[in-house]
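A.B. asks: A single structure is presented below for examination.
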Amino acid sequence: MNILTIFGDIHANLPALEAVLADMDARELPNRVCLGDLVGYGTWPNEVVAAIRELEIPTIMGNYDQGVGNNSDDCGCAYKEAAAEALGKRSIAWTNAHTSAEHKAFLRSLAEQLTYTLGDLRVVLVHGSPRKINEYLFADRPDASLERLLDLVAADVLVCGHTHLPYHRVLPSGRHVINAGSVGKPKDGDPRACYVVLRARARDLQVEFIRVAYAVERAAQAIEATTMPYEYAQMLRSGRG
């Protein structure tokens, strides 16, 4: 295998997922893998899960998938403010109430991590980190800390999600840490959906982030038409939060 197409953090945003899949089809990108968080914050949990299942895309369990799959009131999110936590509680309650039992069972069945050989590189995919499903690996994390995490899973390349902030770090060892960004809830100020394509020849890795415009207003208005917190609609429009 010399190409991997990686996306995640869809968060029940069906218009964003449809746009990303259409873009992948147009580019004829193979070997698609999802980093999880299929549900939460958006209003199409069942439709998103059904699409991933129908396409048989290998998928990692995200923290939100874990919470909803187990009917928990805790999404495993590290909210920094009480107001954000209160919104989050309303979001997971809504998602628990509107996700089918069949799809919750699917969410519970997802893998914790996936490993691929890309060229001569060992690529490990996780949602948060190799240690914890909801650990945030931000771009400014010290090199030594990231090196230790790659050592844990003997990875040449570690790909994560969860932060919704895309980046590519090359460590002093020459190994790579990549965050794929978010399809359905970007937080970097660009409301377009994001995914990443990895190409390798032997140990030479090329990383391409692809941004895809989608019907943001459709997704935002769908939130506003339900009892899901309306604040999440504005976050989609701004690409933040």
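Naming works like this for the structure tokens: A, B, ... for the chains as they're shown, residue 1 at the start of each chain, ligands 1 onward in shown order.
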Do you know which residues are at most 9 Å from A:Ala202 counting only C-alpha atoms, after dropping those on the same chain fewer than 6 positions away, and could you put them as a list in words?
C.D. replies: Asn2, Leu118, Gly119, Asp120 and Leu121 of chain A
A.B. asks: Run DSSP on the backbone and tell me which residues of stretch 83-170 of chain A come out as alpha helix (DSSP H); list them as number ranges by chain.
C.D. replies: A: 83-98, 101-108, 143-152
A.B. asks: Let me see the file: selected residues, N, CA and C atoms, as a compact mmCIF listing (two decimals), in the first residue's frame.
C.D. replies:
```
# COMPACT_ATOMS: atom_id res chain seq x y z
N ALA A 83 -19.99 26.80 30.95
CA ALA A 83 -21.01 27.01 29.92
C ALA A 83 -20.85 26.01 28.78
N ALA A 84 -19.60 25.77 28.37
CA ALA A 84 -19.35 24.80 27.30
C ALA A 84 -19.72 23.40 27.75
N GLU A 85 -19.45 23.08 29.00
CA GLU A 85 -19.80 21.76 29.53
C GLU A 85 -21.31 21.57 29.55
N ALA A 86 -22.04 22.62 29.90
CA ALA A 86 -23.50 22.54 29.92
C ALA A 86 -24.05 22.29 28.52
N LEU A 87 -23.48 22.98 27.52
CA LEU A 87 -23.90 22.73 26.14
C LEU A 87 -23.59 21.29 25.75
N GLY A 88 -22.42 20.81 26.16
CA GLY A 88 -22.04 19.45 25.84
C GLY A 88 -22.97 18.42 26.44
N LYS A 89 -23.43 18.66 27.64
CA LYS A 89 -24.38 17.74 28.28
C LYS A 89 -25.69 17.68 27.48
N ARG A 90 -26.13 18.83 26.99
CA ARG A 90 -27.35 18.85 26.17
C ARG A 90 -27.13 18.13 24.84
N SER A 91 -25.95 18.28 24.29
CA SER A 91 -25.64 17.63 23.02
C SER A 91 -25.66 16.12 23.14
N ILE A 92 -24.99 15.58 24.16
CA ILE A 92 -24.94 14.12 24.26
C ILE A 92 -26.30 13.56 24.66
N ALA A 93 -27.07 14.31 25.44
CA ALA A 93 -28.42 13.86 25.78
C ALA A 93 -29.28 13.78 24.52
N TRP A 94 -29.20 14.80 23.66
CA TRP A 94 -29.95 14.79 22.41
C TRP A 94 -29.51 13.62 21.54
N THR A 95 -28.19 13.42 21.43
CA THR A 95 -27.67 12.36 20.58
C THR A 95 -28.05 10.98 21.10
N ASN A 96 -27.97 10.79 22.42
CA ASN A 96 -28.41 9.52 23.00
C ASN A 96 -29.88 9.22 22.65
N ALA A 97 -30.70 10.27 22.71
CA ALA A 97 -32.13 10.09 22.48
C ALA A 97 -32.47 9.85 21.01
N HIS A 98 -31.58 10.26 20.10
CA HIS A 98 -31.90 10.20 18.67
C HIS A 98 -31.04 9.22 17.89
N ALA A 101 -30.70 2.00 18.61
CA ALA A 101 -30.02 0.95 19.36
C ALA A 101 -29.05 0.18 18.46
N GLU A 102 -29.45 -0.04 17.23
CA GLU A 102 -28.57 -0.75 16.28
C GLU A 102 -27.28 0.03 16.04
N HIS A 103 -27.41 1.32 15.86
CA HIS A 103 -26.22 2.13 15.59
C HIS A 103 -25.38 2.31 16.84
N LYS A 104 -26.00 2.33 18.02
CA LYS A 104 -25.22 2.36 19.25
C LYS A 104 -24.40 1.08 19.39
N ALA A 105 -24.97 -0.04 19.03
CA ALA A 105 -24.23 -1.30 19.08
C ALA A 105 -23.03 -1.26 18.12
N PHE A 106 -23.23 -0.67 16.95
CA PHE A 106 -22.11 -0.52 16.01
C PHE A 106 -21.01 0.35 16.61
N LEU A 107 -21.38 1.46 17.24
CA LEU A 107 -20.39 2.35 17.84
C LEU A 107 -19.58 1.61 18.91
N ARG A 108 -20.23 0.76 19.68
CA ARG A 108 -19.53 -0.01 20.71
C ARG A 108 -18.55 -1.02 20.12
N ASP A 143 8.40 17.70 21.68
CA ASP A 143 8.90 16.60 20.87
C ASP A 143 9.07 15.32 21.69
N ALA A 144 9.69 15.45 22.86
CA ALA A 144 9.99 14.26 23.67
C ALA A 144 8.72 13.50 24.05
N SER A 145 7.66 14.24 24.35
CA SER A 145 6.40 13.60 24.71
C SER A 145 5.83 12.83 23.52
N LEU A 146 5.87 13.44 22.34
CA LEU A 146 5.37 12.76 21.15
C LEU A 146 6.22 11.55 20.80
N GLU A 147 7.54 11.68 20.95
CA GLU A 147 8.42 10.55 20.67
C GLU A 147 8.06 9.36 21.56
N ARG A 148 7.77 9.61 22.83
CA ARG A 148 7.41 8.53 23.74
C ARG A 148 6.11 7.86 23.31
N LEU A 149 5.16 8.65 22.84
CA LEU A 149 3.88 8.08 22.39
C LEU A 149 4.08 7.19 21.16
N LEU A 150 4.93 7.62 20.25
CA LEU A 150 5.21 6.78 19.08
C LEU A 150 5.94 5.50 19.48
N ASP A 151 6.81 5.61 20.50
CA ASP A 151 7.49 4.41 21.00
C ASP A 151 6.49 3.39 21.54
N LEU A 152 5.43 3.87 22.18
CA LEU A 152 4.44 2.97 22.79
C LEU A 152 3.83 2.02 21.76
```
A.B. asks: Between A:Thr99, A:Asn179, A:Gln234, A:Thr117, which one has atoms that come closest to A:Ala222, using only C-alpha atoms?
C.D. replies: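 With only C-alpha atoms as the atom set, the closest residue is A:Gln234.
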A.B. asks: Which residue, A:Ala16, A:Ile57, A:Gly36, A:Tyr41, has the smallest gap to A:Glu231 when you use only C-alpha atoms?
C.D. replies: A:Tyr41
A.B. asks: May I ask which of the residues A:Ala193, A:Cys160, A:Ala215, A:Val68 is the closest one to A:Leu21, counting only C-alpha atoms?
C.D. replies: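 Closest to A:Leu21 of all the choices is A:Ala193.
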A.B. asks: Using only C-alpha atoms, which residues sit within 9 Å of A:Leu158 once same-chain residues fewer than 3 positions away are excluded, as a list of chain:residue names?
C.D. replies: A:Arg122, A:Val123, A:Val124, A:Leu125, A:Val126, A:Ser129, A:Pro130, A:Leu149, A:Leu150, A:Val153, A:Ala155, A:Arg175, A:His176, A:Val177, A:Ile178, A:Asn179
A.B. asks: Between atom CA of A:Ile10 and atom CA of A:Arg240, what is the spacing in Å?
C.D. replies: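 Value for the atom CA of A:Arg240-atom CA of A:Ile10 distance: 14.7 Å.
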A.B. asks: Pick from A:Met1, A:Ile6, A:Ala22, A:Ile60: nearest to A:Phe209, with only C-alpha atoms counted?
C.D. replies: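 Residue with the minimum atom-to-atom distance to A:Phe209: A:Ile6.
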A.B. asks: Set the distance at 8 Å and use only C-alpha atoms: which residues neighbour stretch 49-51 of chain A once local chain neighbours fewer than 2 positions away are removed? I'd like the list as a list in words.
C.D. replies: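 Returned residues: Leu38, Val39, Pro45, Asn46, Glu47, Arg53, Glu54, Leu55 and His103 of chain A.
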A.B. asks: Between atom CA of A:Thr5 and atom CA of A:Asn31, measure the distance and give it in Å to one decimal.
C.D. replies: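 These two atoms are separated by 5.8 Å.
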A.B. asks: Restricting the calculation to only C-alpha atoms, which member of A:Asp156, A:Leu4, A:Asp25, A:Ile133 is positioned closest to A:Arg203?
C.D. replies: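 Closest to A:Arg203, using only C-alpha atoms: A:Asp156.
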A.B. asks: Identify, on the basis of only C-alpha atoms, every residue whose closest approach to A:Gly189 does not exceed 12 Å; exclude the query and any residue fewer than 6 positions from it along the same chain; express the result as a list in words.
C.D. replies: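 Everything that qualifies: His164, Leu165, Pro166, Gly181, Ser182, Gln234, Met235, Leu236, Arg237, Ser238, Gly239, Arg240 and Gly241 of chain A.
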A.B. asks: Take the residues that were just selected and, keeping C-alpha atoms, output them as an mmCIF file, in the first residue's frame.
C.D. replies:
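Output saved as part_24.cif:
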```cif
data_model
loop_
_atom_site.group_PDB
_atom_site.id
_atom_site.type_symbol
_atom_site.label_atom_id
_atom_site.label_comp_id
_atom_site.auth_asym_id
_atom_site.auth_seq_id
_atom_site.Cartn_x
_atom_site.Cartn_y
_atom_site.Cartn_z
ATOM 1 C CA HIS A 164 -10.225 19.231 15.166
ATOM 2 C CA LEU A 165 -7.017 21.155 14.381
ATOM 3 C CA PRO A 166 -4.995 19.787 11.439
ATOM 4 C CA GLY A 181 -8.517 17.835 11.317
ATOM 5 C CA SER A 182 -12.299 17.487 11.265
ATOM 6 C CA GLN A 234 -22.743 29.323 14.765
ATOM 7 C CA MET A 235 -19.625 27.252 15.417
ATOM 8 C CA LEU A 236 -20.126 25.556 12.054
ATOM 9 C CA ARG A 237 -20.526 28.907 10.319
ATOM 10 C CA SER A 238 -17.350 30.317 11.866
ATOM 11 C CA GLY A 239 -15.260 27.149 11.833
ATOM 12 C CA ARG A 240 -14.444 27.688 15.499
ATOM 13 C CA GLY A 241 -15.505 26.369 18.869
#
```
A.B. asks: Please indicate the distance in Å from atom CA of A:His11 to atom CA of A:Gln221, rounded to one decimal place.
C.D. replies: 15.4 Å
A.B. asks: From the DSSP assignment of the backbone, select every residue of stretch 21-237 of chain A that is strand (DSSP E), and format the answer as a PyMOL selection string.
C.D. replies: chain A and resi 32-34+114-118+121-125+157-160+167-170+176-179+193-201+204-212
A.B. asks: Extract, using only C-alpha atoms, all DNA, RNA and protein residues at most 10 Å from A:Asp9, discarding same-chain residues fewer than 6 positions from it, and format them as a list in words.
C.D. replies: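 With the cut-off at 10 Å, the set is Leu17, Cys34, Leu35, Gly36, Asp37, Leu38, Val39, Gly40, Gly62, Tyr64, His127, Gly161, His162, Thr163, His164, Ala180, Gly181, Ser182, Val183, Gly184, Lys185, Pro186, Ala193, Cys194 and Tyr195 of chain A.
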